[in-house]
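Some notes on the structure that comes next.
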Amino acid sequence: MKLVTYNIQYGVGLDGQYDVGRIAEAVRDADVIALQEVTRNNPRNGGRDMVAEIGEALPDYFAVYGSNFEANIGSRIEDERAITTTFQLGNMVLSKTPIHLSRNLLLPRSRSFEMMNFQRGALEALIETPLGFIRFYSIHLDHRSPVERASQIQFLRQRLLNYALEGGALSGVAEIGLPELPHPEAFVGMGDFNMLAGSPEYVELAGRPDHEFGMPLTADFAVDAAVRLDVADLATWVDPKRPEDASRHKRIDYIFTSASLARFLKRLWVDRQAVGSDHLPVWAELG
């Protein structure tokens, strides 16, 4: 089973051009795809409906989209009907197999001054896979503040670990004649975390290695696939203003799994050839 996460920067690549087609080609072979910075009516890409365009480009995938906010950018009366156009930004999950249940988790945030801050989210999707039912998350954390990221990680970690107790998006559906869905412990969290490995917010999610025994594998922490597989020299973000400057390349996109899935991790890599965004697709293989 192949997974990929890709922050697609509303479809604009390192060349400054909008092109959903090259984004679709970069992720097409995955069984589960997590995308971030998917927008509708975004002034920065000409107001494209990326949800519809991605669906057209990848028609054999089931998909869910979670918009983290809707901002009114134009209201009017047309043919005696009130119409509002909203700018939306959020995450997507696409899957080769059906998505049984989803919800959009809105992450904690604080009001900002001088630098734009916006509502972030983690889109949850329950998918049946060859390894059983797994919860997949497409995640996008704050880019300005490690304190805010830590708050978001604390909230997210509770949702990841307490799913069976909380019941996810829907439970008790026998009341309306529907079959109860499983509440699996297994999860994969993928996306743009905007944090560096070893930072306080990273430690809050993945733990800290012991001086003698390395990174502990325990049920109360997520597993960084790159660390588990001992993959070094990873960069997932390229500064679009200085793409040739290696000192400006950073690892801020991750694939985390529950401890129960760690033994299934086979491979992790970054697609260094992709140019459809200022981020690079991060891939993992489980089996």
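Going through the structure tokens in order, the chains are called A, B, and so on, while each chain numbers its residues from 1 and the ligands are numbered from 1 in the order shown.
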Tell me, counting only C-alpha atoms, for each residue of range 113-138 of chain A within 10 Å of range 157-179 of chain A, which pair of atoms is nearest and how far apart they are in Å to one decimal, in rows ordered by chain and increasing number, as a tab-separated table.
```
residue	atom	partner	partner_atom	distance
A:Glu124	CA	A:Ala169	CA	8.8
A:Ala125	CA	A:Ala169	CA	9.6
A:Leu126	CA	A:Gly168	CA	9.3
A:Arg135	CA	A:Leu160	CA	8.8
A:Phe136	CA	A:Leu160	CA	9.9
A:Tyr137	CA	A:Leu160	CA	9.2
```
Within 9 Å of range 213-229 of chain A, counting only C-alpha atoms, which residues qualify if same-chain residues fewer than 4 places away don't, as number ranges by chain? A: 157, 160-161, 187-189, 204-209, 234, 254-262, 265-269, 284
Residues within 10 Å of Ile23 in chain A, only C-alpha atoms, excluding chain neighbours under 4 positions, as a count of residues only: 18
Residues of range 29-56 of chain A at most 7 Å from range 92-105 of chain A: nearest atom pair and distance in Å, only C-alpha atoms, as CSV:
```
residue,atom,partner,partner_atom,distance
A:Asp31,CA,A:Lys96,CA,5.3
A:Val32,CA,A:Ser95,CA,4.5
A:Ile33,CA,A:Leu94,CA,5.0
A:Ala34,CA,A:Val93,CA,4.7
A:Leu35,CA,A:Met92,CA,5.0
A:Gln36,CA,A:Met92,CA,6.5
```
Can you spit out the residues from that selection as an mmCIF file, in the first residue's frame, using C-alpha atoms?
```cif
data_model
loop_
_atom_site.group_PDB
_atom_site.id
_atom_site.type_symbol
_atom_site.label_atom_id
_atom_site.label_comp_id
_atom_site.auth_asym_id
_atom_site.auth_seq_id
_atom_site.Cartn_x
_atom_site.Cartn_y
_atom_site.Cartn_z
ATOM 1 C CA ASP A 31 -3.499 4.164 -2.803
ATOM 2 C CA VAL A 32 -4.205 7.015 -0.359
ATOM 3 C CA ILE A 33 -3.409 10.679 -1.061
ATOM 4 C CA ALA A 34 -3.363 13.548 1.443
ATOM 5 C CA LEU A 35 -3.371 17.066 -0.008
ATOM 6 C CA GLN A 36 -3.077 20.414 1.766
#
```
What residues in range 1-250 of chain A get the DSSP label helix (DSSP H, G or I)? Please answer as number ranges by chain. A: 9-11, 20-27, 43-45, 50-57, 146-161, 163-166, 173-176, 200-206, 225-228, 246-248
I need the residues in range 25-260 of chain A that are strand (DSSP E or B) according to DSSP; give them as a ChimeraX atom specification. /A:32-40,49,62-78,81-95,99-106,121-129,132-140,187-192,210,214,223-224,237,250,253-257
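Atom pair CA of Leu3 in chain A / CA of Asp29 in chain A has a distance of 8.8 Å (rounded to one decimal).
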Distance in Å - CA of Tyr10 in chain A versus CA of Pro108 in chain A: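 Going from CA of Tyr10 in chain A over to CA of Pro108 in chain A covers 22.5 Å.
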Which neighbours of Arg40 in chain A fall inside 6 Å, counting only C-alpha atoms, when residues of the same chain fewer than 4 positions from it are skipped, and could you give them as a list in words?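 Near neighbours after the sequence-gap exclusion: Arg48, Asp49, Met50, Phe87 and Gln88 of chain A.
The gap separating CA of Gly47 in chain A from CA of Thr84 in chain A is 13.8 Å, in Å to one decimal.
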Between A:Glu70, A:Asp15, A:Asp210, A:Glu148, which residue has the minimum interatomic distance to Asn41 in chain A, considering only C-alpha atoms? A:Glu70
Nearest candidate to Ser138 in chain A (options A:Leu106, A:Ala150, A:Val203, A:Ala71; using only C-alpha atoms): A:Leu106
Wanna dump the range 118-230 of chain A-range 236-246 of chain A contacts at 12 Å for me, each residue with its shortest atom pair and the distance in Å to one decimal, counting only C-alpha atoms, ordered by chain and number, as a tab-separated table?
```
residue	atom	partner	partner_atom	distance
A:Gly191	CA	A:Thr236	CA	10.6
A:Asp192	CA	A:Thr236	CA	9.1
A:Phe193	CA	A:Thr236	CA	10.9
A:Asn194	CA	A:Trp237	CA	9.5
A:Met195	CA	A:Trp237	CA	11.3
A:Leu196	CA	A:Thr236	CA	11.0
```
